[in-house]
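Quick look at model.tsv (TSV, C-alpha atoms):
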```
chain	number	residue	atom	x	y	z
A	1	MET	CA	-124.51	12.15	81.73
A	2	LYS	CA	-124.08	15.35	79.76
A	3	PHE	CA	-124.67	13.44	76.52
A	4	LEU	CA	-127.85	11.92	77.96
A	5	GLY	CA	-129.04	15.39	78.93
A	6	LEU	CA	-128.40	16.68	75.42
A	7	VAL	CA	-130.34	13.76	73.92
A	8	ILE	CA	-133.31	14.38	76.23
A	9	VAL	CA	-133.30	18.11	75.50
A	10	CYS	CA	-133.15	17.56	71.74
A	11	LEU	CA	-135.91	14.94	71.93
A	12	THR	CA	-138.21	17.20	73.98
A	13	GLY	CA	-137.47	20.17	71.73
A	14	GLY	CA	-138.18	18.06	68.64
A	15	LEU	CA	-141.48	16.84	70.10
A	16	LEU	CA	-142.51	20.39	70.96
A	17	LEU	CA	-141.65	21.61	67.46
A	18	TYR	CA	-143.61	18.67	66.04
A	19	GLY	CA	-146.52	19.67	68.26
A	20	THR	CA	-146.51	23.24	67.00
A	21	MET	CA	-147.20	22.00	63.46
A	22	ASP	CA	-150.78	21.32	64.56
A	23	LEU	CA	-151.25	24.87	65.83
A	24	PRO	CA	-152.97	27.34	63.50
A	25	ASN	CA	-150.76	29.87	61.72
A	26	TRP	CA	-150.09	33.18	63.38
A	27	GLY	CA	-152.97	35.55	62.69
A	28	ASP	CA	-154.97	32.86	60.89
A	29	PRO	CA	-158.57	34.15	60.60
A	30	ALA	CA	-159.92	30.60	60.32
A	31	SER	CA	-158.40	29.38	63.60
A	32	PRO	CA	-160.89	28.36	66.35
A	33	ALA	CA	-159.91	31.25	68.62
A	34	SER	CA	-160.47	33.82	65.89
A	35	THR	CA	-163.77	32.37	64.69
A	36	HIS	CA	-165.59	32.09	68.02
A	37	LEU	CA	-163.91	33.96	70.84
A	38	SER	CA	-162.17	37.02	69.41
A	39	ASP	CA	-165.23	38.07	67.41
A	40	TYR	CA	-167.32	38.35	70.53
A	41	TYR	CA	-164.70	40.40	72.35
A	42	ILE	CA	-164.03	42.73	69.43
A	43	GLU	CA	-167.73	43.37	68.81
A	44	HIS	CA	-168.97	43.69	72.39
A	45	ILE	CA	-166.20	44.93	74.68
A	46	VAL	CA	-166.51	48.65	73.97
A	47	GLU	CA	-170.28	48.75	74.35
A	48	GLU	CA	-170.28	46.50	77.43
A	49	THR	CA	-167.38	47.99	79.36
A	50	GLN	CA	-166.46	51.35	77.74
A	51	VAL	CA	-162.81	50.29	77.76
A	52	PRO	CA	-160.92	50.88	74.50
A	53	ASN	CA	-158.02	48.56	75.35
A	54	LEU	CA	-159.47	45.11	74.73
A	55	VAL	CA	-156.57	43.30	76.42
A	56	THR	CA	-157.18	45.10	79.71
A	57	ALA	CA	-160.92	44.46	79.49
A	58	VAL	CA	-160.37	40.74	78.95
A	59	LEU	CA	-157.75	40.46	81.69
A	60	ALA	CA	-159.42	42.56	84.37
A	61	ASP	CA	-163.11	41.94	83.69
A	62	TYR	CA	-163.92	38.90	81.56
A	63	ARG	CA	-161.15	36.90	83.23
A	64	GLY	CA	-161.08	38.70	86.54
A	65	TYR	CA	-160.60	35.46	88.47
A	66	ASP	CA	-157.48	34.68	86.49
A	67	THR	CA	-155.87	38.04	87.26
A	68	MET	CA	-156.97	37.87	90.89
A	69	PHE	CA	-155.20	34.60	91.50
A	70	GLU	CA	-152.22	35.84	89.49
A	71	THR	CA	-151.95	38.67	92.02
A	72	ALA	CA	-152.30	36.10	94.80
A	73	VAL	CA	-149.44	34.10	93.22
A	74	VAL	CA	-147.22	37.20	93.14
A	75	PHE	CA	-148.10	37.85	96.77
A	76	CYS	CA	-147.24	34.24	97.66
A	77	ALA	CA	-143.88	34.61	95.85
A	78	GLY	CA	-143.05	37.60	98.04
A	79	LEU	CA	-144.22	35.73	101.14
A	80	ALA	CA	-142.12	32.67	100.26
A	81	CYS	CA	-139.06	34.85	99.68
A	82	PHE	CA	-139.58	36.50	103.05
A	83	LEU	CA	-140.12	33.19	104.90
A	84	LEU	CA	-137.14	31.46	103.28
A	85	LEU	CA	-134.58	34.23	103.42
A	86	ARG	CA	-135.44	36.60	106.25
A	87	ASP	CA	-132.81	36.36	108.98
A	88	PHE	CA	-133.61	38.15	112.23
A	89	ARG	CA	-130.33	37.28	114.00
A	90	PRO	CA	-128.29	40.42	114.53
A	91	GLY	CA	-125.05	40.59	112.59
A	92	LYS	CA	-121.89	40.11	114.62
A	93	ASP	CA	-119.77	42.94	113.28
A	94	ARG	CA	-121.04	46.46	113.11
A	95	TYR	CA	-119.54	49.36	111.30
A	96	TYR	CA	-120.16	53.00	112.05
A	97	ARG	CA	-118.88	56.10	110.32
A	98	HIS	CA	-118.24	59.35	112.07
A	99	ILE	CA	-119.97	61.70	109.69
A	100	PRO	CA	-117.94	64.92	110.16
A	101	THR	CA	-114.55	63.22	109.81
A	102	GLY	CA	-115.34	60.07	107.83
A	103	VAL	CA	-113.55	57.79	110.32
A	104	MET	CA	-114.84	54.22	110.34
A	105	LEU	CA	-115.39	52.33	113.61
A	106	HIS	CA	-115.53	48.51	113.68
A	107	PHE	CA	-117.37	46.86	116.59
A	108	LYS	CA	-116.71	43.16	117.05
A	109	ASN	CA	-118.76	42.70	120.22
A	110	PRO	CA	-122.43	42.26	119.24
A	111	ASP	CA	-123.62	43.72	122.54
A	112	THR	CA	-122.03	47.12	122.14
A	113	ARG	CA	-123.94	49.24	119.76
A	114	MET	CA	-124.18	52.92	119.06
A	115	ILE	CA	-127.28	54.87	118.38
A	116	PRO	CA	-127.00	56.21	114.84
A	117	GLY	CA	-127.76	59.88	114.72
A	118	ASN	CA	-126.25	63.08	113.48
A	119	GLU	CA	-122.75	62.14	114.64
A	120	PHE	CA	-122.51	58.47	113.70
A	121	GLU	CA	-123.99	56.56	110.85
A	122	HIS	CA	-124.50	52.78	110.56
A	123	MET	CA	-122.43	51.59	107.59
A	124	ASP	CA	-121.95	48.60	105.29
A	125	LYS	CA	-118.82	46.49	105.52
A	126	ASP	CA	-117.57	47.25	102.04
A	127	TRP	CA	-118.95	50.71	101.88
A	128	VAL	CA	-117.51	53.02	99.29
A	129	PRO	CA	-118.32	56.70	99.10
A	130	SER	CA	-121.34	57.07	96.83
A	131	ASP	CA	-120.55	58.59	93.50
A	132	ILE	CA	-122.07	62.04	93.20
A	133	ILE	CA	-122.84	61.59	89.49
A	134	ILE	CA	-124.79	58.36	90.04
A	135	LYS	CA	-126.59	59.78	93.04
A	136	THR	CA	-127.61	62.99	91.29
A	137	VAL	CA	-128.72	61.27	88.08
A	138	CYS	CA	-130.79	58.73	90.00
A	139	ARG	CA	-132.29	61.40	92.24
A	140	ILE	CA	-133.45	63.30	89.16
A	141	LEU	CA	-134.59	60.16	87.34
A	142	ILE	CA	-136.52	58.35	90.09
A	143	PRO	CA	-139.50	60.77	90.34
A	144	PHE	CA	-140.01	60.61	86.59
A	145	ILE	CA	-139.92	56.82	86.62
A	146	GLN	CA	-142.51	56.84	89.39
A	147	ILE	CA	-144.77	59.27	87.55
A	148	TYR	CA	-144.47	57.08	84.47
A	149	ALA	CA	-145.38	54.01	86.55
A	150	LEU	CA	-148.48	55.77	87.90
A	151	TYR	CA	-149.39	56.77	84.36
A	152	VAL	CA	-149.05	53.16	83.19
A	153	VAL	CA	-151.37	51.99	85.98
A	154	ALA	CA	-153.93	54.74	85.48
A	155	HIS	CA	-153.88	54.62	81.69
A	156	GLY	CA	-154.12	50.82	81.47
A	157	ASP	CA	-157.70	51.06	80.21
A	158	PHE	CA	-156.70	53.08	77.18
A	159	SER	CA	-153.20	52.04	76.20
A	160	PRO	CA	-150.92	49.04	76.73
A	161	GLY	CA	-149.98	48.59	80.33
A	162	GLY	CA	-151.83	48.13	83.56
A	163	GLY	CA	-151.36	47.25	87.18
A	164	PHE	CA	-148.75	44.58	86.71
A	165	GLN	CA	-146.39	46.56	84.47
A	166	GLY	CA	-146.90	49.79	86.39
A	167	GLY	CA	-146.25	48.02	89.69
A	168	VAL	CA	-143.05	46.50	88.34
A	169	ILE	CA	-141.84	49.89	87.08
A	170	PHE	CA	-142.63	51.55	90.41
A	171	GLY	CA	-140.85	48.73	92.23
A	172	SER	CA	-137.80	49.12	89.99
A	173	SER	CA	-137.64	52.83	90.79
A	174	LEU	CA	-137.37	51.92	94.48
A	175	ILE	CA	-134.76	49.26	93.67
A	176	LEU	CA	-132.83	51.89	91.71
A	177	MET	CA	-132.83	54.02	94.84
A	178	ALA	CA	-131.42	51.10	96.84
A	179	ILE	CA	-128.69	50.53	94.23
A	180	SER	CA	-127.68	54.14	93.73
A	181	TYR	CA	-127.64	55.09	97.43
A	182	ASN	CA	-127.62	52.03	99.66
A	183	LEU	CA	-130.10	49.56	101.05
A	184	LYS	CA	-130.54	51.42	104.32
A	185	THR	CA	-131.57	54.61	102.55
A	186	LEU	CA	-134.39	52.71	100.91
A	187	LEU	CA	-135.46	50.85	104.04
A	188	LYS	CA	-135.49	54.08	106.02
A	189	ARG	CA	-138.05	55.54	103.62
A	190	VAL	CA	-139.95	52.38	102.75
A	191	THR	CA	-139.91	50.17	105.82
A	192	GLU	CA	-140.43	46.44	105.82
A	193	LYS	CA	-143.72	46.76	107.69
A	194	PHE	CA	-144.98	49.25	105.11
A	195	LEU	CA	-144.04	46.92	102.25
A	196	SER	CA	-145.69	43.85	103.79
A	197	MET	CA	-148.84	45.76	104.56
A	198	PHE	CA	-148.98	47.18	101.05
A	199	ALA	CA	-148.48	43.74	99.49
A	200	ALA	CA	-151.45	42.39	101.44
A	201	THR	CA	-153.51	45.55	100.85
A	202	GLY	CA	-153.15	45.21	97.08
A	203	VAL	CA	-154.64	41.72	97.08
A	204	LEU	CA	-157.27	42.87	99.55
A	205	ILE	CA	-158.36	45.75	97.26
A	206	TYR	CA	-158.85	43.28	94.42
A	207	VAL	CA	-160.79	40.74	96.48
A	208	GLY	CA	-162.61	43.54	98.31
A	209	LEU	CA	-163.97	44.97	95.07
A	210	GLY	CA	-165.21	41.49	94.18
A	211	VAL	CA	-166.88	41.02	97.57
A	212	LEU	CA	-168.34	44.53	97.38
A	213	ALA	CA	-170.03	43.55	94.12
A	214	MET	CA	-171.48	40.53	95.92
A	215	ILE	CA	-172.76	42.71	98.75
A	216	MET	CA	-174.40	45.01	96.20
A	217	GLY	CA	-176.36	42.03	94.93
A	218	GLY	CA	-174.30	40.84	91.98
A	219	GLN	CA	-171.82	38.08	91.41
A	220	PHE	CA	-168.21	38.06	92.57
A	221	LEU	CA	-166.16	40.65	90.60
A	222	ASP	CA	-169.23	41.88	88.71
A	223	TYR	CA	-168.23	45.55	88.62
A	224	GLY	CA	-171.50	46.59	87.01
A	225	MET	CA	-173.20	46.13	90.38
A	226	LEU	CA	-171.08	48.90	91.89
A	227	ALA	CA	-172.97	51.54	89.88
A	228	PRO	CA	-175.02	52.91	92.84
A	229	LEU	CA	-171.74	53.81	94.57
A	230	VAL	CA	-170.70	56.09	91.69
A	231	PRO	CA	-173.91	57.95	90.87
A	232	TRP	CA	-172.24	60.65	88.78
A	233	ASP	CA	-170.82	58.30	86.12
A	234	PRO	CA	-172.71	54.98	86.06
A	235	GLY	CA	-171.94	54.38	82.38
A	236	HIS	CA	-168.24	53.88	82.99
A	237	ILE	CA	-168.65	51.76	86.10
A	238	ARG	CA	-166.96	48.70	84.59
A	239	ALA	CA	-163.99	50.82	83.49
A	240	LEU	CA	-163.77	52.31	86.97
A	241	GLY	CA	-163.97	48.86	88.54
A	242	MET	CA	-161.11	47.72	86.34
A	243	LEU	CA	-159.11	50.80	87.33
A	244	GLY	CA	-159.63	49.96	91.01
A	245	VAL	CA	-158.54	46.39	90.43
A	246	GLU	CA	-155.48	47.55	88.50
A	247	ILE	CA	-154.51	49.83	91.36
A	248	GLY	CA	-154.71	46.85	93.72
A	249	VAL	CA	-152.53	44.75	91.41
A	250	GLY	CA	-150.05	47.61	91.07
A	251	ILE	CA	-149.70	48.09	94.83
A	252	ALA	CA	-149.23	44.37	95.46
A	253	VAL	CA	-146.70	43.88	92.65
A	254	MET	CA	-144.73	47.00	93.59
A	255	SER	CA	-144.24	45.92	97.19
A	256	VAL	CA	-143.55	42.28	96.34
A	257	MET	CA	-140.80	43.28	93.88
A	258	VAL	CA	-139.08	45.37	96.54
A	259	ILE	CA	-139.50	42.63	99.17
A	260	ILE	CA	-137.92	40.03	96.89
A	261	TYR	CA	-135.03	42.32	95.96
A	262	VAL	CA	-134.29	43.38	99.53
A	263	ASN	CA	-134.34	39.81	100.83
A	264	ILE	CA	-132.18	38.38	98.05
A	265	VAL	CA	-129.56	41.11	97.99
A	266	SER	CA	-128.99	41.23	101.76
A	267	GLU	CA	-129.47	37.48	102.40
A	268	GLY	CA	-132.47	38.39	104.53
A	269	ARG	CA	-130.53	40.55	107.00
A	270	HIS	CA	-131.66	43.87	105.53
A	271	ASP	CA	-128.37	45.53	106.36
A	272	GLU	CA	-126.26	45.85	103.25
A	273	GLY	CA	-126.85	45.26	99.57
A	274	LEU	CA	-125.51	45.93	96.12
B	1	MET	CA	-144.83	41.85	56.16
B	2	LEU	CA	-141.97	42.34	58.56
B	3	TRP	CA	-140.17	39.07	57.94
B	4	PRO	CA	-136.61	40.51	57.70
B	5	ILE	CA	-136.96	42.02	61.18
B	6	ASP	CA	-138.43	38.74	62.44
B	7	LEU	CA	-135.55	36.78	60.96
B	8	ILE	CA	-132.81	39.05	62.32
B	9	VAL	CA	-134.34	39.24	65.80
B	10	LEU	CA	-134.99	35.48	65.94
B	11	THR	CA	-131.36	34.79	65.00
B	12	PHE	CA	-130.21	37.05	67.81
B	13	VAL	CA	-132.65	35.37	70.22
B	14	ILE	CA	-131.16	31.95	69.44
B	15	PHE	CA	-127.60	33.30	69.76
B	16	CYS	CA	-128.45	34.83	73.13
B	17	ALA	CA	-130.08	31.64	74.37
B	18	ILE	CA	-127.11	29.48	73.36
B	19	ALA	CA	-124.62	31.99	74.79
B	20	ALA	CA	-126.55	32.18	78.07
B	21	ILE	CA	-126.15	28.44	78.72
B	22	THR	CA	-122.53	28.19	77.52
B	23	VAL	CA	-120.98	31.24	79.19
B	24	ARG	CA	-119.35	30.34	82.50
B	25	ASP	CA	-119.55	33.78	84.03
B	26	LEU	CA	-122.93	33.94	85.78
B	27	LEU	CA	-123.03	37.73	85.69
B	28	GLY	CA	-122.63	37.52	81.91
B	29	THR	CA	-125.47	35.00	81.82
B	30	ALA	CA	-127.73	37.43	83.67
B	31	ILE	CA	-126.95	40.16	81.13
B	32	LEU	CA	-127.49	37.75	78.25
B	33	PHE	CA	-130.88	36.84	79.69
B	34	SER	CA	-131.69	40.53	79.79
B	35	ALA	CA	-130.73	40.88	76.12
B	36	TYR	CA	-132.78	37.78	75.32
B	37	SER	CA	-135.82	39.33	77.02
B	38	PHE	CA	-135.41	42.58	75.13
B	39	LEU	CA	-135.24	40.75	71.82
B	40	MET	CA	-138.32	38.72	72.75
B	41	CYS	CA	-139.99	42.01	73.62
B	42	LEU	CA	-139.21	43.24	70.10
B	43	LEU	CA	-140.72	40.06	68.67
B	44	TRP	CA	-143.93	40.50	70.67
B	45	ALA	CA	-144.14	44.12	69.53
B	46	VAL	CA	-143.69	43.08	65.88
B	47	MET	CA	-146.49	40.54	66.33
B	48	GLY	CA	-148.76	43.27	67.69
B	49	ALA	CA	-148.96	41.96	71.27
B	50	VAL	CA	-147.96	45.27	72.81
B	51	ASP	CA	-149.18	44.42	76.31
B	52	VAL	CA	-147.08	41.27	76.38
B	53	ALA	CA	-144.11	43.21	74.99
B	54	PHE	CA	-144.51	45.75	77.77
B	55	THR	CA	-144.56	43.03	80.43
B	56	GLU	CA	-141.56	41.31	78.89
B	57	ALA	CA	-139.59	44.56	78.86
B	58	SER	CA	-140.40	45.53	82.43
B	59	VAL	CA	-140.31	42.11	84.10
B	60	GLY	CA	-138.00	40.04	81.91
B	61	ALA	CA	-135.43	42.62	80.95
B	62	GLY	CA	-135.76	44.88	83.97
B	63	VAL	CA	-136.56	43.43	87.35
B	64	SER	CA	-135.59	39.79	86.83
B	65	THR	CA	-132.11	40.86	85.67
B	66	VAL	CA	-131.70	42.83	88.89
B	67	PHE	CA	-132.80	39.76	90.88
B	68	LEU	CA	-130.31	37.56	89.04
B	69	VAL	CA	-127.49	40.05	89.55
B	70	ALA	CA	-128.41	40.26	93.25
B	71	ALA	CA	-128.35	36.47	93.53
B	72	VAL	CA	-124.95	36.33	91.77
B	73	PHE	CA	-123.69	39.03	94.13
B	74	ARG	CA	-124.61	36.88	97.12
B	75	THR	CA	-123.39	33.51	95.73
B	76	SER	CA	-120.52	32.81	93.35
B	77	ARG	CA	-119.80	34.31	89.99
B	78	ARG	CA	-118.33	31.21	88.32
B	79	THR	CA	-120.27	28.03	87.59
B	80	LYS	CA	-118.80	24.66	88.49
B	81	ASP	CA	-119.78	22.93	85.23
```
Conversion result in structure tokens:
Amino acid sequence: MKFLGLVIVCLTGGLLLYGTMDLPNWGDPASPASTHLSDYYIEHIVEETQVPNLVTAVLADYRGYDTMFETAVVFCAGLACFLLLRDFRPGKDRYYRHIPTGVMLHFKNPDTRMIPGNEFEHMDKDWVPSDIIIKTVCRILIPFIQIYALYVVAHGDFSPGGGFQGGVIFGSSLILMAISYNLKTLLKRVTEKFLSMFAATGVLIYVGLGVLAMIMGGQFLDYGMLAPLVPWDPGHIRALGMLGVEIGVGIAVMSVMVIIYVNIVSEGRHDEGL
Amino acid sequence: MLWPIDLIVLTFVIFCAIAAITVRDLLGTAILFSAYSFLMCLLWAVMGAVDVAFTEASVGAGVSTVFLVAAVFRTSRRTKD
């Protein structure tokens, strides 16, 4: 069976390599894409959209549909993760720590529960005291990562980056918080309800901008039609529309990344993680 | 223009890919995937596709590694085959 698998893999790989011989060389100026499509984009994007980063202009404006459904796919991935893994049954064993003394209490009866407060704290089963070095370094680092993520989203029109990358970086900063402290610390600050609402809001912002353009009399996702809403800077309306769309993508991706991480690492129980 | 870099990075990419499917420790596989993504990111950057390189670095090398490590943490660390 293993041998058969190897043969199939080699055969498929060989066919794919054979197929690539028909593709034009990398950076070939005579290839079909470079002779018809790229010329148009390179010559017209800056005057049509005022966006210096051609990749962002193509992704968020010329192929706005593509990016919109990409965001919808990311949203669906988060939804699927939630539906498959989320487990609402309460865990049987509960652990509490008496904060002043550090004594751990183990409750085996699921009905008895304590109200976590200043005296007692709900704890993980294999909880170890958090390392002060890791905690301090992450506490200093996380705000800078988040600022950088916001910069990547906001500066997507001018430099590499955009909503997707910025959202992923922002999401990883939250995941870093969950890893360096514990999962509860994250979920106390960023609740599940907040994350789900943000994931849906991101997609809604994208689609909403498209529908708004329709209401203003244009076609779906035609940002140029939004110009009357921004009377002080109508020349950059397409760039501003792209920025709005990127913000939507960033919000959706950020929350979906955290939702997926939280559900995988705690097996859907949202109690303890890495 | 940059063919020595291309060649070195491509060799490492192939080594990482082969190592990722032969290593039996799944945590090691996750890290090897991360290294693979970083090398691919370098390749994209050499080819001038900076946006793709950025995505590869943040998604491939960053978040997906965390997801894989989380999945290994909740399942088993050794493969059966």
query = Can you tell me, as a ChimeraX atom specification, which residues sit within 10 Å of (-159.1, 47.0, 74.1) in the file's frame, using all atoms listed in the file?
reply = /A:41-42,45-46,49-58,156-160
task = Can you check which residues of chain B have any atom within 9 Å of chain A? Use only C-alpha atoms and format it as a list in words.
result =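 Result, ordered by chain then number: Met47, Val50, Asp51, Val52, Phe54, Thr55, Ser58, Val59, Gly62, Val63, Val66, Phe67, Val69, Ala70, Ala71, Phe73 and Arg74 of chain B.
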query = Which residues, protein or nucleic acid, reach to within 12 Å of (-146.8, 43.7, 103.0) in the file's coordinates when using all atoms listed in the file, and can you give that as an MDAnalysis selection string?
reply = chainID A and resid 74:79 82 190:204 251:260
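With all atoms listed in the file as the atoms that count, the minimum distance from B:Met40 to the choices B:Val13, B:Leu26, B:Leu68, B:Leu7 is reached by B:Val13.
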